[in-house]
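A.B. asks: Input entry-v8.cif, format and content: mmCIF, C-alpha atoms.
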data_my_file
#
loop_
_atom_site.label_atom_id
_atom_site.label_comp_id
_atom_site.auth_asym_id
_atom_site.auth_seq_id
_atom_site.Cartn_x
_atom_site.Cartn_y
_atom_site.Cartn_z
CA MET A 1 -4.52 46.09 -15.72
CA LYS A 2 -3.46 45.63 -12.10
CA SER A 3 -5.84 48.35 -10.88
CA GLU A 4 -8.70 46.68 -12.78
CA LYS A 5 -7.89 43.37 -11.10
CA ASP A 6 -7.73 45.09 -7.71
CA SER A 7 -11.11 46.76 -8.34
CA ILE A 8 -12.72 43.46 -9.26
CA GLY A 9 -11.15 41.83 -6.21
CA GLN A 10 -12.54 44.54 -3.95
CA LEU A 11 -15.96 44.17 -5.55
CA PHE A 12 -16.03 40.42 -4.82
CA ARG A 13 -14.88 40.96 -1.23
CA ASN A 14 -17.77 43.35 -0.70
CA GLU A 15 -20.33 41.71 1.62
CA THR A 16 -23.29 42.81 -0.50
CA MET A 17 -21.76 41.25 -3.60
CA ARG A 18 -21.09 37.94 -1.83
CA GLU A 19 -24.72 37.77 -0.78
CA SER A 20 -26.00 38.28 -4.33
CA VAL A 21 -27.70 35.42 -6.14
CA ILE A 22 -25.38 35.68 -9.14
CA TYR A 23 -22.26 35.54 -6.96
CA GLN A 24 -23.66 32.51 -5.12
CA GLU A 25 -24.47 30.79 -8.44
CA ILE A 26 -20.99 31.41 -9.81
CA ARG A 27 -19.44 30.18 -6.58
CA SER A 28 -21.67 27.10 -6.50
CA ASP A 29 -20.85 26.26 -10.11
CA GLY A 30 -17.14 26.63 -9.39
CA LEU A 31 -17.35 24.40 -6.32
CA LEU A 32 -19.29 21.74 -8.23
CA GLU A 33 -16.82 21.80 -11.11
CA GLY A 34 -13.93 21.56 -8.67
CA ARG A 35 -15.48 18.57 -6.91
CA GLN A 36 -16.14 16.80 -10.21
CA LEU A 37 -12.57 17.37 -11.38
CA GLY A 38 -11.25 16.15 -8.03
CA LEU A 39 -13.36 13.01 -8.14
CA GLU A 40 -12.30 12.25 -11.71
CA GLU A 41 -8.64 12.80 -10.83
CA GLY A 42 -8.98 10.56 -7.80
CA ARG A 43 -10.69 7.88 -9.85
CA LYS A 44 -7.90 7.97 -12.43
CA ASN A 45 -5.19 7.85 -9.76
CA GLU A 46 -6.79 4.81 -8.12
CA ALA A 47 -7.19 3.01 -11.47
CA LEU A 48 -3.60 3.84 -12.39
CA LEU A 49 -2.31 2.58 -9.05
CA LEU A 50 -4.24 -0.68 -9.27
CA VAL A 51 -3.33 -1.40 -12.89
CA THR A 52 0.34 -0.61 -12.26
CA ARG A 53 0.49 -2.85 -9.20
CA VAL A 54 -1.21 -5.77 -10.93
CA LEU A 55 0.92 -5.35 -14.07
CA THR A 56 4.11 -5.35 -11.99
CA ARG A 57 3.02 -8.49 -10.23
CA ARG A 58 1.94 -10.13 -13.48
CA ILE A 59 4.85 -9.26 -15.81
CA GLY A 60 7.53 -7.72 -13.59
CA PRO A 61 8.97 -4.20 -13.51
CA ILE A 62 7.52 -1.76 -16.03
CA ALA A 63 9.93 0.30 -18.13
CA PRO A 64 9.74 4.06 -17.44
CA GLU A 65 8.66 4.81 -21.06
CA THR A 66 5.86 2.26 -20.79
CA ARG A 67 4.82 3.65 -17.39
CA GLU A 68 4.58 7.10 -19.00
CA GLN A 69 2.35 5.70 -21.75
CA ILE A 70 0.09 4.10 -19.17
CA GLN A 71 -0.21 7.40 -17.28
CA THR A 72 -1.67 9.05 -20.38
CA LEU A 73 -4.58 6.60 -20.54
CA SER A 74 -8.09 7.70 -19.60
CA VAL A 75 -9.99 6.01 -16.79
CA GLU A 76 -11.95 3.94 -19.32
CA GLU A 77 -8.74 2.86 -21.06
CA LEU A 78 -7.19 1.95 -17.70
CA GLU A 79 -10.24 -0.19 -16.95
CA ASP A 80 -9.88 -1.91 -20.32
CA LEU A 81 -6.19 -2.49 -19.64
CA GLY A 82 -7.09 -3.88 -16.23
CA GLU A 83 -9.22 -6.54 -17.88
CA ALA A 84 -6.77 -7.26 -20.69
CA LEU A 85 -3.77 -7.66 -18.40
CA LEU A 86 -5.28 -10.82 -16.96
CA ASP A 87 -4.22 -12.50 -20.20
CA PHE A 88 -0.70 -10.99 -20.31
CA SER A 89 2.30 -13.21 -19.76
CA SER A 90 5.11 -10.83 -20.75
CA ALA A 91 6.01 -7.17 -21.17
CA SER A 92 5.53 -7.56 -24.93
CA ASP A 93 1.83 -8.27 -24.34
CA LEU A 94 1.55 -4.91 -22.59
CA THR A 95 3.50 -3.15 -25.34
CA ASN A 96 1.27 -4.69 -28.01
CA TRP A 97 -1.88 -3.68 -26.12
CA LEU A 98 -0.66 -0.11 -25.73
CA ASN A 99 0.26 0.09 -29.43
CA GLU A 100 -3.22 -1.12 -30.40
CA HIS A 101 -5.06 1.24 -28.03
CA GLN A 102 -3.23 4.52 -28.45
CA PRO A 103 -3.59 6.93 -31.36
#
Here is the file; what I need is its structure written in the form of structure tokens.
C.D. replies:
Amino acid sequence: MKSEKDSIGQLFRNETMRESVIYQEIRSDGLLEGRQLGLEEGRKNEALLLVTRVLTRRIGPIAPETREQIQTLSVEELEDLGEALLDFSSASDLTNWLNEHQP
């Protein structure tokens, strides 16, 4: 198996192979996918940071278990939470929201 991996690695390091249209397409697709994943991850991190900061200011410190639940939310769910938290007055409001919006 190792020799097969080495052979494939040598093939892709070959100048002629790197200049091929198929290699360039595969590489381009990989770069695009990587960028998209990076942007999505960055978007989620920013939403998570903002929601966490506003929640802390609004209702006080967030319990570690609750923080973990929040971290599992998608970007869209974080945006929904960001809107809903404007009406929160206590940690129980957050707990209730999370219980209603998680499977």
A.B. asks: For the structure provided, state which residues fall under the PyMOL selection byres ((chain A and resi 41-56) around 9), and present them as a list in words.
C.D. replies: Gln36, Leu37, Gly38, Leu39, Glu40, Arg57, Arg58, Ile59, Gly60, Pro61, Ile62, Arg67, Ile70, Gln71, Leu73, Ser74, Val75, Glu76, Leu78, Glu79, Leu81, Gly82, Leu85, Leu86, Phe88, Ala91 and Leu94 of chain A
A.B. asks: Can you measure atom CA of A:Gly34 to atom CA of A:Thr72 for me? One decimal in Å is fine.
C.D. replies: 21.1 Å
A.B. asks: What does the distance from atom CA of A:Glu83 to atom CA of A:Glu68 come to in Å, to one decimal?
C.D. replies: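 Taking atom CA of A:Glu83 as the start and atom CA of A:Glu68 as the end point, the length is 19.4 Å.
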A.B. asks: Enter the distance from atom CA of A:Glu77 to atom CA of A:Trp97, in Å, rounded to one decimal.
C.D. replies: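 Going from atom CA of A:Glu77 over to atom CA of A:Trp97, I get 10.7 Å.
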A.B. asks: Taking into account all atoms listed in the file, which residue in the set A:Leu98, A:Val21, A:Asp87, A:Asp93 is nearest to A:Thr66?
C.D. replies: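 Selected residue with least distance to A:Thr66: A:Leu98.
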A.B. asks: Using only C-alpha atoms, which of the listed residues (A:Asp80, A:Arg35, A:Thr95, A:Ser90) sits closest to A:Glu65?
C.D. replies: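 So, comparing all the options, the nearest one is A:Thr95.
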A.B. asks: Could stretch 24-48 of chain A be completed with N, CA, C and O atoms and written as an mmCIF file, in the frame of the given file, please?
C.D. replies:
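Output below, filename result.cif:
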data_model
loop_
_atom_site.group_PDB
_atom_site.id
_atom_site.type_symbol
_atom_site.label_atom_id
_atom_site.label_comp_id
_atom_site.auth_asym_id
_atom_site.auth_seq_id
_atom_site.Cartn_x
_atom_site.Cartn_y
_atom_site.Cartn_z
ATOM 1 N N GLN A 24 -23.465 33.834 -5.709
ATOM 2 C CA GLN A 24 -23.660 32.510 -5.120
ATOM 3 C C GLN A 24 -23.738 31.426 -6.204
ATOM 4 O O GLN A 24 -23.217 30.328 -6.031
ATOM 5 N N GLU A 25 -24.386 31.737 -7.330
ATOM 6 C CA GLU A 25 -24.470 30.790 -8.440
ATOM 7 C C GLU A 25 -23.105 30.505 -9.021
ATOM 8 O O GLU A 25 -22.747 29.354 -9.266
ATOM 9 N N ILE A 26 -22.340 31.563 -9.258
ATOM 10 C CA ILE A 26 -20.990 31.410 -9.810
ATOM 11 C C ILE A 26 -20.136 30.584 -8.859
ATOM 12 O O ILE A 26 -19.430 29.654 -9.263
ATOM 13 N N ARG A 27 -20.216 30.900 -7.595
ATOM 14 C CA ARG A 27 -19.440 30.180 -6.580
ATOM 15 C C ARG A 27 -19.856 28.713 -6.521
ATOM 16 O O ARG A 27 -19.024 27.811 -6.490
ATOM 17 N N SER A 28 -21.154 28.465 -6.544
ATOM 18 C CA SER A 28 -21.670 27.100 -6.500
ATOM 19 C C SER A 28 -21.223 26.302 -7.719
ATOM 20 O O SER A 28 -20.804 25.146 -7.608
ATOM 21 N N ASP A 29 -21.296 26.930 -8.889
ATOM 22 C CA ASP A 29 -20.850 26.260 -10.110
ATOM 23 C C ASP A 29 -19.370 25.927 -10.037
ATOM 24 O O ASP A 29 -18.950 24.841 -10.430
ATOM 25 N N GLY A 30 -18.576 26.848 -9.527
ATOM 26 C CA GLY A 30 -17.140 26.630 -9.390
ATOM 27 C C GLY A 30 -16.829 25.502 -8.421
ATOM 28 O O GLY A 30 -15.959 24.665 -8.669
ATOM 29 N N LEU A 31 -17.551 25.471 -7.310
ATOM 30 C CA LEU A 31 -17.350 24.400 -6.320
ATOM 31 C C LEU A 31 -17.725 23.048 -6.905
ATOM 32 O O LEU A 31 -17.013 22.056 -6.722
ATOM 33 N N LEU A 32 -18.840 22.995 -7.621
ATOM 34 C CA LEU A 32 -19.290 21.740 -8.230
ATOM 35 C C LEU A 32 -18.277 21.257 -9.257
ATOM 36 O O LEU A 32 -17.908 20.080 -9.271
ATOM 37 N N GLU A 33 -17.812 22.169 -10.095
ATOM 38 C CA GLU A 33 -16.820 21.800 -11.110
ATOM 39 C C GLU A 33 -15.537 21.301 -10.452
ATOM 40 O O GLU A 33 -14.956 20.310 -10.879
ATOM 41 N N GLY A 34 -15.126 21.974 -9.389
ATOM 42 C CA GLY A 34 -13.930 21.560 -8.670
ATOM 43 C C GLY A 34 -14.074 20.171 -8.062
ATOM 44 O O GLY A 34 -13.158 19.346 -8.124
ATOM 45 N N ARG A 35 -15.226 19.900 -7.482
ATOM 46 C CA ARG A 35 -15.480 18.570 -6.910
ATOM 47 C C ARG A 35 -15.442 17.504 -7.987
ATOM 48 O O ARG A 35 -14.861 16.429 -7.805
ATOM 49 N N GLN A 36 -16.097 17.781 -9.117
ATOM 50 C CA GLN A 36 -16.140 16.800 -10.210
ATOM 51 C C GLN A 36 -14.736 16.514 -10.742
ATOM 52 O O GLN A 36 -14.381 15.358 -10.974
ATOM 53 N N LEU A 37 -13.942 17.565 -10.906
ATOM 54 C CA LEU A 37 -12.570 17.370 -11.380
ATOM 55 C C LEU A 37 -11.756 16.572 -10.364
ATOM 56 O O LEU A 37 -10.983 15.686 -10.733
ATOM 57 N N GLY A 38 -11.949 16.874 -9.092
ATOM 58 C CA GLY A 38 -11.250 16.150 -8.030
ATOM 59 C C GLY A 38 -11.626 14.683 -7.993
ATOM 60 O O GLY A 38 -10.769 13.812 -7.842
ATOM 61 N N LEU A 39 -12.908 14.400 -8.140
ATOM 62 C CA LEU A 39 -13.360 13.010 -8.140
ATOM 63 C C LEU A 39 -12.801 12.256 -9.341
ATOM 64 O O LEU A 39 -12.350 11.119 -9.212
ATOM 65 N N GLU A 40 -12.820 12.889 -10.508
ATOM 66 C CA GLU A 40 -12.300 12.250 -11.710
ATOM 67 C C GLU A 40 -10.798 11.998 -11.584
ATOM 68 O O GLU A 40 -10.308 10.938 -11.945
ATOM 69 N N GLU A 41 -10.083 12.969 -11.035
ATOM 70 C CA GLU A 41 -8.640 12.800 -10.830
ATOM 71 C C GLU A 41 -8.366 11.674 -9.848
ATOM 72 O O GLU A 41 -7.481 10.853 -10.061
ATOM 73 N N GLY A 42 -9.141 11.623 -8.781
ATOM 74 C CA GLY A 42 -8.980 10.560 -7.800
ATOM 75 C C GLY A 42 -9.285 9.194 -8.387
ATOM 76 O O GLY A 42 -8.574 8.218 -8.124
ATOM 77 N N ARG A 43 -10.310 9.134 -9.194
ATOM 78 C CA ARG A 43 -10.690 7.880 -9.850
ATOM 79 C C ARG A 43 -9.568 7.400 -10.772
ATOM 80 O O ARG A 43 -9.230 6.217 -10.787
ATOM 81 N N LYS A 44 -8.986 8.338 -11.524
ATOM 82 C CA LYS A 44 -7.900 7.970 -12.430
ATOM 83 C C LYS A 44 -6.678 7.511 -11.638
ATOM 84 O O LYS A 44 -6.049 6.511 -11.986
ATOM 85 N N ASN A 45 -6.346 8.227 -10.568
ATOM 86 C CA ASN A 45 -5.190 7.850 -9.760
ATOM 87 C C ASN A 45 -5.350 6.453 -9.168
ATOM 88 O O ASN A 45 -4.401 5.668 -9.140
ATOM 89 N N GLU A 46 -6.540 6.141 -8.693
ATOM 90 C CA GLU A 46 -6.790 4.810 -8.120
ATOM 91 C C GLU A 46 -6.696 3.729 -9.192
ATOM 92 O O GLU A 46 -6.102 2.677 -8.964
ATOM 93 N N ALA A 47 -7.266 3.985 -10.370
ATOM 94 C CA ALA A 47 -7.190 3.010 -11.470
ATOM 95 C C ALA A 47 -5.745 2.810 -11.896
ATOM 96 O O ALA A 47 -5.299 1.680 -12.115
ATOM 97 N N LEU A 48 -5.007 3.892 -11.990
ATOM 98 C CA LEU A 48 -3.600 3.840 -12.390
ATOM 99 C C LEU A 48 -2.779 3.047 -11.377
ATOM 100 O O LEU A 48 -1.958 2.198 -11.746
#
